[in-house]
>>> print(open('run08.cif').read())   # mmCIF, C-alpha atoms
data_entry
#
loop_
_atom_site.label_atom_id
_atom_site.label_comp_id
_atom_site.auth_asym_id
_atom_site.auth_seq_id
_atom_site.Cartn_x
_atom_site.Cartn_y
_atom_site.Cartn_z
CA MET A 1 55.73 21.94 12.32
CA ALA A 2 57.83 21.00 15.38
CA GLU A 3 54.69 21.17 17.57
CA ASP A 4 52.86 18.65 15.34
CA GLU A 5 55.90 16.36 15.43
CA THR A 6 56.13 16.64 19.22
CA ALA A 7 52.44 15.79 19.65
CA LYS A 8 52.88 12.79 17.34
CA LEU A 9 55.90 11.54 19.30
CA TRP A 10 53.99 12.04 22.56
CA LYS A 11 51.25 9.69 21.29
CA VAL A 12 53.82 7.16 20.02
CA ASN A 13 55.70 7.28 23.33
CA ARG A 14 52.51 6.68 25.32
CA THR A 15 51.44 3.78 23.07
CA ILE A 16 54.83 2.02 23.22
CA HIS A 17 54.87 2.31 27.02
CA GLU A 18 51.34 0.81 27.14
CA LEU A 19 52.42 -1.97 24.76
CA VAL A 20 55.46 -2.85 26.86
CA LYS A 21 53.40 -2.78 30.08
CA ASP A 22 50.72 -5.01 28.51
CA ARG A 23 53.47 -7.51 27.69
CA GLY A 24 54.38 -7.83 31.36
CA TYR A 25 57.28 -5.38 31.66
CA GLN A 26 57.73 -2.77 34.37
CA VAL A 27 56.50 0.63 33.24
CA SER A 28 55.67 3.60 35.41
CA ASP A 29 52.10 4.88 35.22
CA ASP A 30 53.65 8.36 35.11
CA GLU A 31 55.15 7.53 31.69
CA ILE A 32 51.81 6.33 30.34
CA ASN A 33 49.72 9.15 31.83
CA MET A 34 52.18 11.94 30.98
CA ASP A 35 50.39 14.89 29.39
CA LEU A 36 51.69 16.72 26.33
CA THR A 37 52.97 19.72 28.31
CA THR A 38 55.05 17.48 30.59
CA PHE A 39 56.31 15.51 27.58
CA ARG A 40 57.45 18.75 25.92
CA SER A 41 59.23 19.92 29.06
CA HIS A 42 61.07 16.58 29.41
CA TYR A 43 61.96 15.79 25.81
CA ALA A 44 61.67 18.88 23.56
CA ASN A 45 64.54 21.30 23.05
CA SER A 46 64.16 25.10 23.01
CA GLY A 47 63.17 24.94 19.33
CA GLY A 48 60.33 22.57 20.15
CA SER A 49 61.74 19.49 18.41
CA VAL A 50 62.33 16.17 20.16
CA ASP A 51 65.58 14.22 20.02
CA ARG A 52 64.34 10.66 19.49
CA ASN A 53 67.41 9.23 21.24
CA GLN A 54 66.06 10.66 24.52
CA LEU A 55 62.98 8.44 24.12
CA ASN A 56 65.01 5.19 24.12
CA PHE A 57 64.51 3.05 27.21
CA PHE A 58 64.87 -0.45 28.57
CA THR A 59 62.95 -2.22 31.27
CA ASN A 60 62.66 -5.58 33.07
CA SER A 61 59.90 -8.14 33.09
CA ARG A 62 57.71 -8.03 36.21
CA GLU A 63 57.96 -11.82 36.61
CA ASN A 64 61.59 -12.35 35.56
CA PRO A 65 63.90 -9.36 36.16
CA ALA A 66 66.58 -10.99 33.99
CA ASP A 67 64.23 -10.70 30.99
CA GLN A 68 64.77 -7.21 29.59
CA ILE A 69 63.53 -5.34 26.54
CA PHE A 70 65.09 -2.31 24.84
CA ILE A 71 62.98 0.24 22.95
CA PHE A 72 64.93 2.10 20.27
CA PHE A 73 63.58 5.20 18.52
CA SER A 74 65.39 5.67 15.21
CA ASP A 75 65.98 9.23 14.09
CA GLU A 76 66.53 8.15 10.48
CA LYS A 77 63.53 8.42 8.15
CA SER A 78 64.47 5.20 6.36
CA VAL A 79 65.93 2.46 8.58
CA GLY A 80 68.70 0.51 6.90
CA VAL A 81 71.34 -2.01 7.85
CA LYS A 82 73.48 0.71 9.50
CA THR A 83 70.70 1.54 11.98
CA MET A 84 70.08 -2.16 12.65
CA ARG A 85 73.78 -2.62 13.45
CA LYS A 86 73.55 0.29 15.88
CA LEU A 87 70.56 -1.34 17.63
CA LEU A 88 72.27 -4.75 17.74
CA GLY A 89 75.39 -3.12 19.21
CA ILE A 90 73.32 -1.61 22.03
CA LEU A 91 71.57 -4.92 22.69
CA GLU A 92 74.89 -6.75 22.79
CA GLU A 93 76.50 -4.15 25.05
CA LYS A 94 73.60 -4.31 27.55
CA SER A 95 73.14 -8.12 27.17
CA ILE A 96 69.47 -7.68 26.23
CA MET A 97 67.83 -10.28 23.99
CA ARG A 98 64.61 -8.40 23.08
CA GLY A 99 64.29 -5.18 21.19
CA ILE A 100 61.73 -2.98 19.49
CA ILE A 101 62.74 -0.43 16.87
CA ILE A 102 60.43 2.47 16.12
CA PHE A 103 61.03 4.55 13.01
CA PRO A 104 59.44 7.67 11.48
CA GLY A 105 59.34 6.50 7.85
CA ASN A 106 60.01 3.05 6.50
CA MET A 107 62.37 0.10 6.82
CA THR A 108 64.43 -1.18 3.93
CA PRO A 109 64.14 -4.83 2.86
CA SER A 110 67.79 -5.30 3.86
CA ALA A 111 67.03 -4.13 7.41
CA ARG A 112 64.11 -6.56 7.61
CA LYS A 113 66.49 -9.34 6.53
CA VAL A 114 68.72 -8.45 9.49
CA ILE A 115 65.74 -9.01 11.82
CA ALA A 116 65.12 -12.41 10.25
CA ALA A 117 68.82 -13.34 10.29
CA MET A 118 69.19 -12.45 13.98
CA SER A 119 65.97 -14.18 15.10
CA GLN A 120 67.87 -17.08 16.71
CA GLN A 121 69.85 -14.73 18.94
CA TYR A 122 67.51 -11.75 19.41
CA ARG A 123 63.76 -11.24 19.40
CA LEU A 124 63.37 -8.05 17.38
CA GLU A 125 60.19 -6.23 16.41
CA GLU A 126 59.65 -3.16 14.29
CA PHE A 127 56.93 -0.52 14.24
CA SER A 128 56.53 2.65 12.24
CA GLU A 129 55.50 5.70 14.24
CA ALA A 130 52.26 5.83 12.25
CA ASP A 131 51.34 2.35 13.57
CA LEU A 132 51.71 3.54 17.17
CA LEU A 133 49.68 6.76 17.09
CA VAL A 134 46.75 4.86 18.59
CA ASN A 135 46.86 1.76 20.79
CA ILE A 136 44.38 -0.45 18.94
CA THR A 137 44.47 -3.09 21.68
CA HIS A 138 42.71 -0.64 24.01
CA HIS A 139 39.89 0.09 21.52
CA THR A 140 36.41 -0.90 22.68
CA LEU A 141 35.79 -3.03 19.56
CA VAL A 142 38.94 -5.14 20.03
CA PRO A 143 38.11 -8.24 22.10
CA ARG A 144 40.29 -9.21 25.03
CA HIS A 145 43.31 -11.36 24.03
CA GLU A 146 45.17 -13.43 26.62
CA VAL A 147 48.23 -15.61 25.98
CA LEU A 148 47.73 -18.95 27.69
CA THR A 149 50.47 -20.78 29.56
CA GLU A 150 51.15 -24.51 29.43
CA THR A 151 49.33 -25.02 32.74
CA GLN A 152 46.20 -23.35 31.38
CA LEU A 153 46.20 -25.59 28.31
CA PRO A 154 48.02 -28.84 29.24
CA ARG A 155 47.70 -30.52 25.81
CA ILE A 156 50.32 -28.13 24.44
CA GLN A 157 53.88 -29.43 24.71
CA LEU A 158 56.84 -27.15 25.34
CA ALA A 159 58.27 -28.19 21.96
CA ASP A 160 55.09 -27.15 20.09
CA PRO A 161 55.57 -24.02 17.97
CA GLY A 162 53.74 -20.82 18.73
CA GLN A 163 51.55 -19.63 21.55
CA VAL A 164 47.85 -20.19 22.15
CA VAL A 165 45.79 -17.04 22.59
CA LYS A 166 42.35 -16.99 24.19
CA ILE A 167 40.07 -14.36 22.65
CA THR A 168 37.04 -13.39 24.73
CA ARG A 169 34.25 -11.57 22.90
CA PRO A 170 30.88 -10.31 24.14
CA SER A 171 27.96 -12.50 23.03
CA GLU A 172 24.27 -11.61 22.93
CA THR A 173 23.21 -15.17 23.77
CA SER A 174 25.76 -16.31 26.33
CA GLY A 175 27.27 -13.09 27.69
CA ARG A 176 30.83 -14.05 26.70
CA TYR A 177 32.28 -16.26 23.98
CA ALA A 178 35.85 -17.62 24.07
CA SER A 179 37.77 -18.76 21.01
CA TYR A 180 41.37 -19.93 20.75
CA ARG A 181 44.05 -19.18 18.16
CA ILE A 182 47.61 -20.36 17.76
CA CYS A 183 50.13 -17.61 16.97
CA PHE A 184 53.54 -18.31 15.48
#
>>> encode(input="run08.cif", output="structure tokens")
Amino acid sequence: MAEDETAKLWKVNRTIHELVKDRGYQVSDDEINMDLTTFRSHYANSGGSVDRNQLNFFTNSRENPADQIFIFFSDEKSVGVKTMRKLLGILEEKSIMRGIIIFPGNMTPSARKVIAAMSQQYRLEEFSEADLLVNITHHTLVPRHEVLTETQLPRIQLADPGQVVKITRPSETSGRYASYRICF
């Protein structure tokens, strides 16, 4: 049982490190390429179970070192307001404005309301461990997505809501096909 849980957390840990790196934050390739045996030796106790608190980490943006993100692994099966307060306390203490919470089970509606209520001050995201077992953005059938900056698409004003994403797909007739989407 503990071995299955450790293997699952190893996959989740790898995927979240890939996700954070893909978003432009500093992540060591050693963390992403860590094999299961190394993961067990670093994070599992003598009984084979992993303390999720040891998986928590924060890192800086590659372009702006002042921009930090904190990744919080909840050890509670159902994340409630109490867990959200704990995460917000850590973010406040470290003066970090971005956070991702990862949980093994589900999140209560009240906890989701906390994310919405704090959206002006913090940029919070939530993922269940099941959602992170596989990094779908690295799948061969998922086309390349690239967030465009204002200089790449000058008609967009800084005050416009959302971000424009360029999606590049393979095309039988032209080789590549680009489409654009606005994400809020």
>>> residues_around(input="run08.cif", residues="stretch 37-49 of chain A", least_positions_apart="3", cutoff="10 Å", atoms="all atoms listed in the file", output="list in words")
Met1, Ala2, Glu3, Asp4, Glu5, Thr6, Ala7, Leu9, Trp10, Lys11, Asn13, Arg14, Glu31, Asn33, Met34, Arg52, Asn53, Gln54 and Leu55 of chain A
>>> atom_distance(input="run08.cif", atom1="atom CA of A:Val12", atom2="atom CA of A:Glu129")
6.2 Å
>>> atom_distance(input="run08.cif", atom1="atom CA of A:Val142", atom2="atom CA of A:Val165")
14.0 Å
>>> resolve_selection(input="run08.cif", expression="the PyMOL selection byres ((chain A and resi 70) around 6)", output="JSON, numbers by chain")
{"A": [57, 58, 69, 71, 99]}
>>> closest_residue(input="run08.cif", among="A:Met84, A:Ile102, A:Ile32, A:Ile96", to="A:Thr59", atoms="only C-alpha atoms")
A:Ile96
>>> residues_near_point(input="run08.cif", point="(44.9, 1.3, 21.1)", cutoff="12 Å", atoms="all atoms listed in the file", output="PDB file with C-alpha atoms, keeping the file's coordinate frame")
ATOM      1  CA  LYS A  11      51.250   9.690  21.290  1.00  0.00           C
ATOM      2  CA  VAL A  12      53.820   7.160  20.020  1.00  0.00           C
ATOM      3  CA  ARG A  14      52.510   6.680  25.320  1.00  0.00           C
ATOM      4  CA  THR A  15      51.440   3.780  23.070  1.00  0.00           C
ATOM      5  CA  ILE A  16      54.830   2.020  23.220  1.00  0.00           C
ATOM      6  CA  HIS A  17      54.870   2.310  27.020  1.00  0.00           C
ATOM      7  CA  GLU A  18      51.340   0.810  27.140  1.00  0.00           C
ATOM      8  CA  LEU A  19      52.420  -1.970  24.760  1.00  0.00           C
ATOM      9  CA  ASP A  22      50.720  -5.010  28.510  1.00  0.00           C
ATOM     10  CA  ASP A 131      51.340   2.350  13.570  1.00  0.00           C
ATOM     11  CA  LEU A 132      51.710   3.540  17.170  1.00  0.00           C
ATOM     12  CA  LEU A 133      49.680   6.760  17.090  1.00  0.00           C
ATOM     13  CA  VAL A 134      46.750   4.860  18.590  1.00  0.00           C
ATOM     14  CA  ASN A 135      46.860   1.760  20.790  1.00  0.00           C
ATOM     15  CA  ILE A 136      44.380  -0.450  18.940  1.00  0.00           C
ATOM     16  CA  THR A 137      44.470  -3.090  21.680  1.00  0.00           C
ATOM     17  CA  HIS A 138      42.710  -0.640  24.010  1.00  0.00           C
ATOM     18  CA  HIS A 139      39.890   0.090  21.520  1.00  0.00           C
ATOM     19  CA  THR A 140      36.410  -0.900  22.680  1.00  0.00           C
ATOM     20  CA  LEU A 141      35.790  -3.030  19.560  1.00  0.00           C
ATOM     21  CA  VAL A 142      38.940  -5.140  20.030  1.00  0.00           C
ATOM     22  CA  PRO A 143      38.110  -8.240  22.100  1.00  0.00           C
TER      23      PRO A 143
END
>>> residues_around(input="run08.cif", residues="stretch 111-113 of chain A", least_positions_apart="4", cutoff="12 Å", atoms="only C-alpha atoms", output="list in words")
Ser78, Val79, Gly80, Val81, Lys82, Thr83, Met84, Arg85, Lys86, Leu87, Leu88, Ile101, Phe103, Asn106, Met107, Ala117, Met118, Ser119, Leu124, Glu125, Glu126 and Phe127 of chain A
>>> atom_distance(input="run08.cif", atom1="atom CA of A:Val114", atom2="atom CA of A:Gly89")
12.9 Å
>>> closest_residue(input="run08.cif", among="A:Leu148, A:Val50, A:Val27, A:Ile115", to="A:Gly162", atoms="all atoms listed in the file")
A:Leu148
>>> decode(input="run08.cif", residues="stretch 88-118 of chain A", atoms="C-alpha atoms", output="short mmCIF file (atom, residue, chain, number, x, y, z; two decimals), in the first residue's frame")
data_model
loop_
_atom_site.label_atom_id
_atom_site.label_comp_id
_atom_site.auth_asym_id
_atom_site.auth_seq_id
_atom_site.Cartn_x
_atom_site.Cartn_y
_atom_site.Cartn_z
CA LEU A 88 -2.17 31.63 3.09
CA GLY A 89 -0.15 31.97 6.32
CA ILE A 90 2.90 30.47 4.60
CA LEU A 91 2.47 32.73 1.57
CA GLU A 92 2.15 35.79 3.79
CA GLU A 93 5.15 34.82 5.91
CA LYS A 94 7.36 34.33 2.83
CA SER A 95 5.84 37.31 0.93
CA ILE A 96 4.93 35.09 -2.03
CA MET A 97 1.94 36.04 -4.19
CA ARG A 98 1.51 32.79 -6.16
CA GLY A 99 0.66 29.39 -4.82
CA ILE A 100 -0.41 25.94 -5.94
CA ILE A 101 -2.10 23.52 -3.56
CA ILE A 102 -2.03 19.81 -4.33
CA PHE A 103 -4.35 17.49 -2.42
CA PRO A 104 -4.93 13.72 -2.33
CA GLY A 105 -8.74 13.77 -2.29
CA ASN A 106 -11.05 16.69 -2.86
CA MET A 107 -11.52 20.35 -2.00
CA THR A 108 -14.59 21.63 -0.19
CA PRO A 109 -16.71 24.38 -1.76
CA SER A 110 -15.75 26.64 1.17
CA ALA A 111 -12.05 26.19 0.37
CA ARG A 112 -12.71 27.06 -3.28
CA LYS A 113 -14.47 30.22 -2.09
CA VAL A 114 -11.29 31.18 -0.22
CA ILE A 115 -9.36 30.95 -3.51
CA ALA A 116 -11.90 33.22 -5.19
CA ALA A 117 -11.99 35.65 -2.25
CA MET A 118 -8.19 35.98 -2.18
#
